[in-house]
Amino acid sequence: ADAVLYEGAAFVSSPAIGSGGEIAFITWDHPDMSWDATTLWRARLRLADGGRLPVGLSQLAVLAGGGSGASRESIYQPRFGGDGTLHFISDREGGFWNPYHVDAAGAVRRSLAQPMAAEFARPEWGFGQSTMQPVPGRSAPSVAVTYGDGEGNAVLGILDVAAHALEVLPTPGWSSIGDLQLGFARSGEPVLVLVAGGPAEPEALFTYYINGIGGATRLSGTTKSASSDPMAGFVSVPKAIAFSTRLPPLGDASSARATAYAYFYAPANRDYRAPAGELPPLLVLSHGGPTSATDAVYKPKIQYWTSRGFAVVDVNYGGSTGYGRAYRERLYPQFGVVDVEDCCAAALHLAAEGLVDRQRLSIMGGSAGGFTTLACLAFRPEVFAVGASLYGISDLEVLARETHKFESQYPVHLVGPYPEARDVYRSRSPLFSVETLACPVIFLQGLEDKVVPPNQAKLMVDALRAKGLRVAHLEFEGEQHGFRQAKNIVRALEAQLFFFGRVLGFTPSDHIEPVDIYNEQ
């Protein structure tokens with residue numbers, strides 16, 4: 001029979017069971033998301049049926065979190081070690097997700113000697129994320145951890161929480177590490193199983209013999225050497241960049257300056273050279289979420305553009321994760337302002353540095369990134385020459401009215417309470433500012449999308465057609481929020497390149513099925 005162990009919060013997640021009959025879990029309530037504020041609980045399981053069936057909890061207590069104002073913290077990944085030590089990740093000190101543990105007296109302790117300006121966790125958009133695992137067989141309680149160094153590199157380490165000693169493990173230049181799980185080799189040796197990738201190779205599955213036996217061994221795929229790799233000379237390796245941007249309120253002399261971050265990819269194709277003196281067009285990418293981030297791992301969709309002569313800048317605008325709570329909360333309640341300013345600033349920075357052609361700046365994004373793309377085109381029409389929206393949000397009110405429970409209060413932080421702030425929602429929605437949008441746009445939309453209804457793209461297309469702007473609109477049967485079918489992924493990429501070529505004045509060398517473009521002379 002089913003038994004309710006706990007109720008009383010809007011969300012409960014991440015249950016961890018200790019060997020001594022303990023349980024730990026996290027909860028949070030509206031209007032917060034889990035990256036805003038959570039509470040860590042610990043209790044003992046009450047068991048029936050000879051100790052086999054949990055029927056309730058006893059000694060339920062809050063260990064961390066549950067505060068308000070400046071004392072709020074985001075807690076992730078409770079884990080019991082083999083010795084009963086409870087480990088978790090929190091941003092309680094300094095605003096960065098760092099590892100902590102609970103001592104024998106029940107007090108929360110740092111696992112690091114001092115807080116680090118590094119993120120040991122990611123925002124939990126789904127269950128089961130893992131960037132920390134207890135490691136058995138050590139003389140002191142220890143955890144395997146991974147974090148980013150802020151320069152595009154991912155670090156793997158073993159942390160002795162008693163000595164506060166972090167041992168950095170050697171890795172082959174990874175820029176992304178995740179899905180850490182602990183396993184055992186046939187010899188009984190503990191091994192980490194993880195998903196990792198680097199700037200020149202996509203993510204793959206690895207085992208890592210953490211006690212020094214064999215280093216890192218790939219479970220799937222094969223390691224390529226530069227001399228045998230047919231893609232050598234076609235892969236653009238990103239460079240982490242920082243650039244100056246402005247903080248709200250914009251439009252007056254008092255606007256503060258700040259720093260934002262991105263990854264810049266130069267064009268790369270060993271078989272072609274640009275004409276002398278010609279700078280490449282630039283494609284700005286605005287990631288979805290928006291509480292998410294891009295990283296420097298190999299992405300075929302980016303290489304598609306760089307191998308065809310485009311430079312690409314993948315922007316971690318204010319609101320992105322990986323740079324601490326203060327950076328993450330720059331977007332509160334400035335969605336449609338901070339992200340727009342940062343994407344425009346990245347493009348203009350690269351043009352000012354002489355790395356890209358100022359007259360051929362383009363932008364593309366999907367979902368929340370599609371909203372940022374459309375907002376850039378509508379509210380900063382002087383910056384970009386062309387744009388592409390993939391299942392992008394054009395009406396912010398839809399976020400407030402028609403979403404699922406998990407995100408139903410998310411817009412309260414991003415924009416403001418609804419309907420009290422309805423005027424703000426409308427003023428930041430590209431759909432209601434089409435009169436200022438002045439460049440061609442291509443829209444790509446799944447017809448079964450339940451997150452961003454297809455009519456949002458249709459309304460934008462109709463409005464731009466009425467203005468006389470060049471616009472294209474591709475709808476995909478059987479696709480939802482994000483394209484899954486290979487043929488549609490290919491068609492979407494090729495359609496964007498074709499459209500951009502028509503606007504920017506080049507003809508792709510690829511054999512691409514033409515795209516119908518409204519208002520083309």
# chains A, B, ... in the order shown; residues from 1 in each chain; ligands from 1

call {"tool": "residues_around", "arguments": {"residues": "Ala260 of chain A", "least_positions_apart": "2", "cutoff": "10 Å", "atoms": "only C-alpha atoms", "output": "list in words"}}
result
Ile241, Ala242, Phe243, Ser244, Thr245, Arg246, Arg257, Ala258, Ala262, Val315, Asn316, Tyr317, Gly318, Gly319, Ser320, Tyr323, Tyr327, Asp339, Glu341, Asp342, Cys343, Ala345 and Ala346 of chain A

call {"tool": "write_last_selection", "arguments": {"atoms": "N, CA, C and O atoms", "output": "PDB file, in the first residue's frame"}}
result
ATOM      1  N   ILE A 241      35.030  34.791 -23.127  1.00  0.00           N
ATOM      2  CA  ILE A 241      35.241  36.235 -23.159  1.00  0.00           C
ATOM      3  C   ILE A 241      34.371  36.903 -22.104  1.00  0.00           C
ATOM      4  O   ILE A 241      33.334  36.376 -21.696  1.00  0.00           O
ATOM      5  N   ALA A 242      34.819  38.060 -21.649  1.00  0.00           N
ATOM      6  CA  ALA A 242      34.040  38.933 -20.770  1.00  0.00           C
ATOM      7  C   ALA A 242      33.942  40.285 -21.450  1.00  0.00           C
ATOM      8  O   ALA A 242      34.883  40.722 -22.117  1.00  0.00           O
ATOM      9  N   PHE A 243      32.825  40.950 -21.304  1.00  0.00           N
ATOM     10  CA  PHE A 243      32.621  42.221 -21.979  1.00  0.00           C
ATOM     11  C   PHE A 243      31.776  43.140 -21.105  1.00  0.00           C
ATOM     12  O   PHE A 243      31.062  42.697 -20.199  1.00  0.00           O
ATOM     13  N   SER A 244      31.860  44.417 -21.378  1.00  0.00           N
ATOM     14  CA  SER A 244      31.137  45.408 -20.595  1.00  0.00           C
ATOM     15  C   SER A 244      29.696  45.504 -21.050  1.00  0.00           C
ATOM     16  O   SER A 244      29.389  45.433 -22.245  1.00  0.00           O
ATOM     17  N   THR A 245      28.795  45.673 -20.082  1.00  0.00           N
ATOM     18  CA  THR A 245      27.383  45.836 -20.372  1.00  0.00           C
ATOM     19  C   THR A 245      26.800  46.852 -19.395  1.00  0.00           C
ATOM     20  O   THR A 245      27.510  47.366 -18.515  1.00  0.00           O
ATOM     21  N   ARG A 246      25.521  47.139 -19.549  1.00  0.00           N
ATOM     22  CA  ARG A 246      24.857  48.095 -18.663  1.00  0.00           C
ATOM     23  C   ARG A 246      23.774  47.399 -17.849  1.00  0.00           C
ATOM     24  O   ARG A 246      23.177  46.421 -18.297  1.00  0.00           O
ATOM     25  N   ARG A 257      27.689  50.216 -15.028  1.00  0.00           N
ATOM     26  CA  ARG A 257      28.368  49.265 -15.904  1.00  0.00           C
ATOM     27  C   ARG A 257      28.607  47.966 -15.134  1.00  0.00           C
ATOM     28  O   ARG A 257      28.762  47.957 -13.910  1.00  0.00           O
ATOM     29  N   ALA A 258      28.639  46.877 -15.868  1.00  0.00           N
ATOM     30  CA  ALA A 258      28.887  45.568 -15.270  1.00  0.00           C
ATOM     31  C   ALA A 258      29.563  44.692 -16.324  1.00  0.00           C
ATOM     32  O   ALA A 258      29.784  45.114 -17.464  1.00  0.00           O
ATOM     33  N   ALA A 262      30.521  35.227 -22.250  1.00  0.00           N
ATOM     34  CA  ALA A 262      30.109  34.496 -23.448  1.00  0.00           C
ATOM     35  C   ALA A 262      31.256  33.611 -23.908  1.00  0.00           C
ATOM     36  O   ALA A 262      32.390  33.696 -23.404  1.00  0.00           O
ATOM     37  N   VAL A 315      26.047  33.446 -25.674  1.00  0.00           N
ATOM     38  CA  VAL A 315      26.042  34.424 -24.583  1.00  0.00           C
ATOM     39  C   VAL A 315      25.446  33.845 -23.300  1.00  0.00           C
ATOM     40  O   VAL A 315      24.354  33.282 -23.304  1.00  0.00           O
ATOM     41  N   ASN A 316      26.181  34.014 -22.199  1.00  0.00           N
ATOM     42  CA  ASN A 316      25.640  33.757 -20.868  1.00  0.00           C
ATOM     43  C   ASN A 316      25.246  35.098 -20.255  1.00  0.00           C
ATOM     44  O   ASN A 316      25.968  35.695 -19.452  1.00  0.00           O
ATOM     45  N   TYR A 317      24.116  35.602 -20.698  1.00  0.00           N
ATOM     46  CA  TYR A 317      23.639  36.911 -20.273  1.00  0.00           C
ATOM     47  C   TYR A 317      23.330  36.913 -18.768  1.00  0.00           C
ATOM     48  O   TYR A 317      23.238  35.859 -18.126  1.00  0.00           O
ATOM     49  N   GLY A 318      23.196  38.103 -18.189  1.00  0.00           N
ATOM     50  CA  GLY A 318      22.806  38.219 -16.794  1.00  0.00           C
ATOM     51  C   GLY A 318      21.532  37.438 -16.535  1.00  0.00           C
ATOM     52  O   GLY A 318      20.544  37.595 -17.244  1.00  0.00           O
ATOM     53  N   GLY A 319      21.556  36.589 -15.514  1.00  0.00           N
ATOM     54  CA  GLY A 319      20.464  35.648 -15.276  1.00  0.00           C
ATOM     55  C   GLY A 319      20.905  34.219 -15.496  1.00  0.00           C
ATOM     56  O   GLY A 319      20.234  33.282 -15.063  1.00  0.00           O
ATOM     57  N   SER A 320      22.052  34.056 -16.166  1.00  0.00           N
ATOM     58  CA  SER A 320      22.585  32.718 -16.415  1.00  0.00           C
ATOM     59  C   SER A 320      23.194  32.153 -15.135  1.00  0.00           C
ATOM     60  O   SER A 320      23.590  32.881 -14.224  1.00  0.00           O
ATOM     61  N   TYR A 323      27.794  31.672 -12.444  1.00  0.00           N
ATOM     62  CA  TYR A 323      28.524  32.856 -11.997  1.00  0.00           C
ATOM     63  C   TYR A 323      28.021  33.355 -10.642  1.00  0.00           C
ATOM     64  O   TYR A 323      28.301  34.489 -10.263  1.00  0.00           O
ATOM     65  N   TYR A 327      24.728  37.208 -10.008  1.00  0.00           N
ATOM     66  CA  TYR A 327      24.630  37.247 -11.472  1.00  0.00           C
ATOM     67  C   TYR A 327      23.327  36.606 -11.925  1.00  0.00           C
ATOM     68  O   TYR A 327      22.655  37.108 -12.828  1.00  0.00           O
ATOM     69  N   ASP A 339      18.824  40.582 -20.393  1.00  0.00           N
ATOM     70  CA  ASP A 339      19.254  39.616 -21.406  1.00  0.00           C
ATOM     71  C   ASP A 339      19.407  40.284 -22.767  1.00  0.00           C
ATOM     72  O   ASP A 339      20.356  40.004 -23.526  1.00  0.00           O
ATOM     73  N   GLU A 341      20.042  43.530 -23.335  1.00  0.00           N
ATOM     74  CA  GLU A 341      21.207  44.413 -23.284  1.00  0.00           C
ATOM     75  C   GLU A 341      22.501  43.628 -23.436  1.00  0.00           C
ATOM     76  O   GLU A 341      23.418  44.034 -24.158  1.00  0.00           O
ATOM     77  N   ASP A 342      22.591  42.469 -22.777  1.00  0.00           N
ATOM     78  CA  ASP A 342      23.827  41.686 -22.809  1.00  0.00           C
ATOM     79  C   ASP A 342      24.084  41.063 -24.176  1.00  0.00           C
ATOM     80  O   ASP A 342      25.231  41.010 -24.642  1.00  0.00           O
ATOM     81  N   CYS A 343      23.032  40.574 -24.834  1.00  0.00           N
ATOM     82  CA  CYS A 343      23.217  39.998 -26.174  1.00  0.00           C
ATOM     83  C   CYS A 343      23.645  41.072 -27.167  1.00  0.00           C
ATOM     84  O   CYS A 343      24.527  40.842 -28.006  1.00  0.00           O
ATOM     85  N   ALA A 345      25.202  43.878 -26.346  1.00  0.00           N
ATOM     86  CA  ALA A 345      26.545  44.308 -25.945  1.00  0.00           C
ATOM     87  C   ALA A 345      27.607  43.336 -26.433  1.00  0.00           C
ATOM     88  O   ALA A 345      28.697  43.750 -26.842  1.00  0.00           O
ATOM     89  N   ALA A 346      27.311  42.024 -26.404  1.00  0.00           N
ATOM     90  CA  ALA A 346      28.274  41.033 -26.890  1.00  0.00           C
ATOM     91  C   ALA A 346      28.557  41.246 -28.372  1.00  0.00           C
ATOM     92  O   ALA A 346      29.716  41.231 -28.813  1.00  0.00           O
TER      93      ALA A 346
END

call {"tool": "residues_around", "arguments": {"residues": "segment 510-516 of chain A", "least_positions_apart": "4", "cutoff": "9 Å", "atoms": "only C-alpha atoms", "output": "ChimeraX atom specification"}}
result
/A:471-474,491,494-499,520

call {"tool": "write_last_selection", "arguments": {"atoms": "N, CA, C and O atoms", "output": "PDB file, in the first residue's frame"}}
result
ATOM      1  N   VAL A 471       9.952  37.880 -44.267  1.00  0.00           N
ATOM      2  CA  VAL A 471       9.717  36.955 -43.167  1.00  0.00           C
ATOM      3  C   VAL A 471       9.457  35.571 -43.743  1.00  0.00           C
ATOM      4  O   VAL A 471       8.855  35.421 -44.817  1.00  0.00           O
ATOM      5  N   ALA A 472       9.941  34.545 -43.044  1.00  0.00           N
ATOM      6  CA  ALA A 472       9.708  33.151 -43.418  1.00  0.00           C
ATOM      7  C   ALA A 472       9.135  32.418 -42.217  1.00  0.00           C
ATOM      8  O   ALA A 472       9.419  32.774 -41.058  1.00  0.00           O
ATOM      9  N   HIS A 473       8.343  31.386 -42.489  1.00  0.00           N
ATOM     10  CA  HIS A 473       7.639  30.675 -41.428  1.00  0.00           C
ATOM     11  C   HIS A 473       7.575  29.198 -41.784  1.00  0.00           C
ATOM     12  O   HIS A 473       6.911  28.806 -42.740  1.00  0.00           O
ATOM     13  N   LEU A 474       8.300  28.372 -41.018  1.00  0.00           N
ATOM     14  CA  LEU A 474       8.290  26.927 -41.228  1.00  0.00           C
ATOM     15  C   LEU A 474       7.659  26.255 -40.022  1.00  0.00           C
ATOM     16  O   LEU A 474       8.081  26.479 -38.883  1.00  0.00           O
ATOM     17  N   ARG A 491      16.500  20.309 -41.557  1.00  0.00           N
ATOM     18  CA  ARG A 491      15.743  21.297 -42.338  1.00  0.00           C
ATOM     19  C   ARG A 491      15.752  22.663 -41.650  1.00  0.00           C
ATOM     20  O   ARG A 491      15.885  23.702 -42.314  1.00  0.00           O
ATOM     21  N   GLU A 494      19.242  24.281 -42.175  1.00  0.00           N
ATOM     22  CA  GLU A 494      19.445  24.694 -43.564  1.00  0.00           C
ATOM     23  C   GLU A 494      18.541  25.870 -43.934  1.00  0.00           C
ATOM     24  O   GLU A 494      18.966  26.770 -44.675  1.00  0.00           O
ATOM     25  N   ALA A 495      17.321  25.863 -43.404  1.00  0.00           N
ATOM     26  CA  ALA A 495      16.403  26.963 -43.709  1.00  0.00           C
ATOM     27  C   ALA A 495      16.926  28.277 -43.147  1.00  0.00           C
ATOM     28  O   ALA A 495      16.831  29.333 -43.800  1.00  0.00           O
ATOM     29  N   GLN A 496      17.500  28.226 -41.954  1.00  0.00           N
ATOM     30  CA  GLN A 496      18.069  29.435 -41.368  1.00  0.00           C
ATOM     31  C   GLN A 496      19.237  29.942 -42.204  1.00  0.00           C
ATOM     32  O   GLN A 496      19.351  31.150 -42.459  1.00  0.00           O
ATOM     33  N   LEU A 497      20.127  29.044 -42.623  1.00  0.00           N
ATOM     34  CA  LEU A 497      21.277  29.457 -43.427  1.00  0.00           C
ATOM     35  C   LEU A 497      20.813  30.047 -44.754  1.00  0.00           C
ATOM     36  O   LEU A 497      21.334  31.084 -45.208  1.00  0.00           O
ATOM     37  N   PHE A 498      19.837  29.413 -45.386  1.00  0.00           N
ATOM     38  CA  PHE A 498      19.300  29.920 -46.652  1.00  0.00           C
ATOM     39  C   PHE A 498      18.739  31.326 -46.455  1.00  0.00           C
ATOM     40  O   PHE A 498      19.021  32.248 -47.235  1.00  0.00           O
ATOM     41  N   PHE A 499      17.940  31.498 -45.416  1.00  0.00           N
ATOM     42  CA  PHE A 499      17.300  32.792 -45.157  1.00  0.00           C
ATOM     43  C   PHE A 499      18.345  33.859 -44.845  1.00  0.00           C
ATOM     44  O   PHE A 499      18.285  34.985 -45.370  1.00  0.00           O
ATOM     45  N   GLU A 520       9.549  39.171 -50.404  1.00  0.00           N
ATOM     46  CA  GLU A 520      10.825  39.242 -51.110  1.00  0.00           C
ATOM     47  C   GLU A 520      10.564  39.755 -52.525  1.00  0.00           C
ATOM     48  O   GLU A 520       9.711  39.244 -53.245  1.00  0.00           O
TER      49      GLU A 520
END

call {"tool": "residues_around", "arguments": {"residues": "segment 4-21 of chain A", "least_positions_apart": "6", "cutoff": "9 Å", "atoms": "only C-alpha atoms", "output": "short mmCIF file (atom, residue, chain, number, x, y, z; two decimals) with N, CA, C and O atoms, in the first residue's frame"}}
result
data_model
loop_
_atom_site.label_atom_id
_atom_site.label_comp_id
_atom_site.auth_asym_id
_atom_site.auth_seq_id
_atom_site.Cartn_x
_atom_site.Cartn_y
_atom_site.Cartn_z
N THR A 27 12.53 20.68 -0.03
CA THR A 27 11.21 21.19 -0.39
C THR A 27 11.33 22.66 -0.77
O THR A 27 12.29 23.34 -0.39
N TRP A 28 10.35 23.15 -1.51
CA TRP A 28 10.23 24.59 -1.75
C TRP A 28 8.79 24.92 -2.10
O TRP A 28 7.98 24.04 -2.38
N ASP A 29 8.50 26.22 -2.07
CA ASP A 29 7.13 26.68 -2.28
C ASP A 29 7.11 27.83 -3.28
O ASP A 29 8.11 28.53 -3.47
N HIS A 30 5.94 28.02 -3.88
CA HIS A 30 5.72 29.19 -4.72
C HIS A 30 5.89 30.47 -3.90
O HIS A 30 5.58 30.47 -2.71
N SER A 34 13.54 26.22 -7.43
CA SER A 34 14.48 25.55 -6.53
C SER A 34 15.83 26.27 -6.46
O SER A 34 16.56 26.13 -5.48
N ALA A 43 14.92 13.11 8.63
CA ALA A 43 14.02 12.39 9.53
C ALA A 43 14.44 10.93 9.59
O ALA A 43 15.34 10.48 8.86
N ARG A 44 13.79 10.20 10.47
CA ARG A 44 13.96 8.74 10.53
C ARG A 44 12.71 8.11 9.93
O ARG A 44 11.58 8.60 10.13
N LEU A 45 12.90 7.04 9.20
CA LEU A 45 11.79 6.31 8.62
C LEU A 45 11.13 5.42 9.67
O LEU A 45 11.81 4.72 10.44
N ARG A 46 9.81 5.50 9.74
CA ARG A 46 9.05 4.53 10.55
C ARG A 46 8.67 3.37 9.63
O ARG A 46 8.07 3.57 8.58
N LEU A 47 9.06 2.17 10.04
CA LEU A 47 8.92 1.01 9.17
C LEU A 47 7.92 0.01 9.73
O LEU A 47 7.75 -0.12 10.95
N PRO A 54 8.16 1.48 4.56
CA PRO A 54 8.07 2.78 5.23
C PRO A 54 6.61 3.22 5.32
O PRO A 54 5.86 3.17 4.34
N VAL A 55 6.20 3.65 6.53
CA VAL A 55 4.82 4.08 6.73
C VAL A 55 4.74 5.50 7.26
O VAL A 55 3.64 6.07 7.35
N GLY A 56 5.86 6.12 7.59
CA GLY A 56 5.84 7.47 8.10
C GLY A 56 7.22 7.93 8.50
O GLY A 56 8.21 7.24 8.28
N LEU A 57 7.27 9.13 9.08
CA LEU A 57 8.53 9.72 9.50
C LEU A 57 8.48 10.07 10.98
O LEU A 57 7.42 10.37 11.52
N TYR A 76 20.77 21.72 -2.90
CA TYR A 76 20.62 20.63 -3.86
C TYR A 76 21.34 19.37 -3.36
O TYR A 76 22.23 19.41 -2.52
N GLN A 77 20.94 18.24 -3.94
CA GLN A 77 21.66 16.98 -3.90
C GLN A 77 22.04 16.47 -2.51
O GLN A 77 23.21 16.24 -2.21
N PRO A 78 21.07 16.26 -1.60
CA PRO A 78 21.42 15.58 -0.35
C PRO A 78 21.90 14.16 -0.64
O PRO A 78 21.31 13.44 -1.46
N ARG A 79 22.99 13.78 0.01
CA ARG A 79 23.60 12.47 -0.20
C ARG A 79 24.13 11.94 1.13
O ARG A 79 24.85 12.66 1.83
N PHE A 80 23.81 10.70 1.49
CA PHE A 80 24.40 10.06 2.67
C PHE A 80 25.64 9.28 2.26
O PHE A 80 25.61 8.49 1.31
N GLY A 81 26.74 9.49 2.98
CA GLY A 81 27.91 8.67 2.79
C GLY A 81 27.77 7.35 3.51
O GLY A 81 26.85 7.15 4.33
N GLY A 82 28.69 6.43 3.25
CA GLY A 82 28.62 5.12 3.88
C GLY A 82 28.74 5.18 5.39
O GLY A 82 28.26 4.28 6.09
N ASP A 83 29.38 6.24 5.91
CA ASP A 83 29.53 6.38 7.35
C ASP A 83 28.37 7.13 7.99
O ASP A 83 28.39 7.43 9.19
N GLY A 84 27.36 7.48 7.20
CA GLY A 84 26.20 8.18 7.71
C GLY A 84 26.26 9.69 7.58
O GLY A 84 25.29 10.38 7.90
N THR A 85 27.40 10.25 7.14
CA THR A 85 27.52 11.69 6.96
C THR A 85 26.59 12.16 5.85
O THR A 85 26.55 11.58 4.77
N LEU A 86 25.83 13.20 6.14
CA LEU A 86 24.93 13.77 5.14
C LEU A 86 25.63 14.94 4.46
O LEU A 86 26.05 15.90 5.11
N PHE A 127 14.62 16.07 -12.37
CA PHE A 127 15.10 15.24 -11.27
C PHE A 127 16.38 14.50 -11.66
O PHE A 127 16.65 14.27 -12.84
N GLY A 128 17.14 14.11 -10.65
CA GLY A 128 18.25 13.19 -10.86
C GLY A 128 19.56 13.80 -11.26
O GLY A 128 20.50 13.07 -11.58
N PHE A 406 5.19 23.64 -12.18
CA PHE A 406 6.59 23.89 -11.83
C PHE A 406 7.00 25.32 -12.15
O PHE A 406 7.67 25.99 -11.36
#

call {"tool": "select_by_dssp", "arguments": {"residues": "segment 20-257 of chain A", "states": "strand (DSSP E)", "output": "ChimeraX atom specification"}}
result
/A:22-28,39-48,53-65,75-80,86-90,98-102,108-110,132-134,142-148,154-160,165-169,176-184,190-198,201-208,216-218,239-246,257

call {"tool": "atom_distance", "arguments": {"atom1": "atom CA of Glu73 of chain A", "atom2": "atom CA of Pro248 of chain A"}}
result
24.8 Å

call {"tool": "residues_around", "arguments": {"residues": "Gly150 of chain A", "least_positions_apart": "3", "cutoff": "8 Å", "atoms": "only C-alpha atoms", "output": "MDAnalysis selection string"}}
result
chainID A and resid 118 153 322:323

call {"tool": "residues_around", "arguments": {"residues": "Val424 of chain A", "least_positions_apart": "4", "cutoff": "8 Å", "atoms": "only C-alpha atoms", "output": "VMD selection string"}}
result
chain A and resid 415 to 416 428

call {"tool": "write_last_selection", "arguments": {"atoms": "N, CA and C atoms", "output": "CSV table (one decimal), in the first residue's frame"}}
result
chain,number,residue,atom,x,y,z
A,415,VAL,N,9.5,38.9,-14.2
A,415,VAL,CA,8.8,40.1,-14.7
A,415,VAL,C,8.1,40.8,-13.6
A,416,GLY,N,7.3,40.1,-12.8
A,416,GLY,CA,6.5,40.7,-11.8
A,416,GLY,C,5.2,39.9,-11.6
A,428,ARG,N,7.0,44.5,-22.6
A,428,ARG,CA,8.2,43.7,-22.9
A,428,ARG,C,8.0,42.6,-24.0

call {"tool": "residues_around", "arguments": {"residues": "segment 106-114 of chain A", "least_positions_apart": "5", "cutoff": "12 Å", "atoms": "only C-alpha atoms", "output": "ChimeraX atom specification"}}
result
/A:40-43,61-65,84-94,96-101,120,140-145,158-167

call {"tool": "atom_distance", "arguments": {"atom1": "atom CA of Glu278 of chain A", "atom2": "atom CA of Gly354 of chain A"}}
result
10.5 Å

call {"tool": "closest_residue", "arguments": {"among": "A:Ala37, A:Pro249, A:Tyr147, A:Tyr261", "to": "Met116 of chain A", "atoms": "only C-alpha atoms"}}
result
A:Tyr147

call {"tool": "closest_residue", "arguments": {"among": "A:Ala48, A:Ile177, A:Leu444, A:Leu504", "to": "Ala204 of chain A", "atoms": "only C-alpha atoms"}}
result
A:Ile177

call {"tool": "atom_distance", "arguments": {"atom1": "atom CA of Thr373 of chain A", "atom2": "atom CA of Trp35 of chain A"}}
result
24.3 Å

call {"tool": "residues_around", "arguments": {"residues": "segment 457-468 of chain A", "least_positions_apart": "4", "cutoff": "7 Å", "atoms": "only C-alpha atoms", "output": "PyMOL selection string"}}
result
chain A and resi 431+434+443+473+518-519

call {"tool": "closest_residue", "arguments": {"among": "A:Lys301, A:Ser367, A:Pro290, A:Arg330", "to": "Thr259 of chain A", "atoms": "only C-alpha atoms"}}
result
A:Arg330

call {"tool": "closest_residue", "arguments": {"among": "A:Phe483, A:Phe206, A:Tyr304, A:Trp174", "to": "Glu448 of chain A", "atoms": "only C-alpha atoms"}}
result
A:Phe483

call {"tool": "closest_residue", "arguments": {"among": "A:Pro199, A:Gly178, A:Pro280, A:Pro453", "to": "Gln303 of chain A", "atoms": "only C-alpha atoms"}}
result
A:Pro199

call {"tool": "select_by_dssp", "arguments": {"residues": "segment 292-454 of chain A", "states": "helix (DSSP H, G or I)", "output": "ChimeraX atom specification"}}
result
/A:300-306,325-331,338-352,358-360,368-379,397-401,405-407,410-414,422-427,430-432,434-436,454

call {"tool": "decode", "arguments": {"residues": "segment 237-241 of chain A", "atoms": "all heavy atoms", "output": "PDB file, in the first residue's frame"}}
result
ATOM      1  N   VAL A 237      37.275  26.040 -31.790  1.00  0.00           N
ATOM      2  CA  VAL A 237      37.382  25.896 -30.340  1.00  0.00           C
ATOM      3  C   VAL A 237      37.036  27.228 -29.691  1.00  0.00           C
ATOM      4  O   VAL A 237      37.621  28.262 -30.037  1.00  0.00           O
ATOM      5  CB  VAL A 237      38.787  25.448 -29.922  1.00  0.00           C
ATOM      6  CG1 VAL A 237      38.930  25.425 -28.406  1.00  0.00           C
ATOM      7  CG2 VAL A 237      39.082  24.065 -30.502  1.00  0.00           C
ATOM      8  N   PRO A 238      36.075  27.252 -28.775  1.00  0.00           N
ATOM      9  CA  PRO A 238      35.611  28.528 -28.222  1.00  0.00           C
ATOM     10  C   PRO A 238      36.618  29.166 -27.278  1.00  0.00           C
ATOM     11  O   PRO A 238      37.425  28.496 -26.634  1.00  0.00           O
ATOM     12  CB  PRO A 238      34.336  28.145 -27.477  1.00  0.00           C
ATOM     13  CG  PRO A 238      34.556  26.718 -27.084  1.00  0.00           C
ATOM     14  CD  PRO A 238      35.333  26.105 -28.215  1.00  0.00           C
ATOM     15  N   LYS A 239      36.507  30.475 -27.189  1.00  0.00           N
ATOM     16  CA  LYS A 239      37.293  31.253 -26.245  1.00  0.00           C
ATOM     17  C   LYS A 239      36.329  31.948 -25.290  1.00  0.00           C
ATOM     18  O   LYS A 239      35.371  32.596 -25.719  1.00  0.00           O
ATOM     19  CB  LYS A 239      38.128  32.304 -26.982  1.00  0.00           C
ATOM     20  CG  LYS A 239      38.892  33.245 -26.069  1.00  0.00           C
ATOM     21  CD  LYS A 239      39.609  34.320 -26.866  1.00  0.00           C
ATOM     22  CE  LYS A 239      40.329  35.307 -25.948  1.00  0.00           C
ATOM     23  NZ  LYS A 239      40.987  36.399 -26.731  1.00  0.00           N
ATOM     24  N   ALA A 240      36.564  31.784 -23.982  1.00  0.00           N
ATOM     25  CA  ALA A 240      35.736  32.473 -22.991  1.00  0.00           C
ATOM     26  C   ALA A 240      36.061  33.963 -23.015  1.00  0.00           C
ATOM     27  O   ALA A 240      37.227  34.355 -22.966  1.00  0.00           O
ATOM     28  CB  ALA A 240      35.994  31.901 -21.601  1.00  0.00           C
ATOM     29  N   ILE A 241      35.030  34.791 -23.127  1.00  0.00           N
ATOM     30  CA  ILE A 241      35.241  36.235 -23.159  1.00  0.00           C
ATOM     31  C   ILE A 241      34.371  36.903 -22.104  1.00  0.00           C
ATOM     32  O   ILE A 241      33.334  36.376 -21.696  1.00  0.00           O
ATOM     33  CB  ILE A 241      34.941  36.847 -24.546  1.00  0.00           C
ATOM     34  CG1 ILE A 241      33.451  36.692 -24.905  1.00  0.00           C
ATOM     35  CG2 ILE A 241      35.825  36.231 -25.618  1.00  0.00           C
ATOM     36  CD1 ILE A 241      33.030  37.489 -26.133  1.00  0.00           C
TER      37      ILE A 241
END
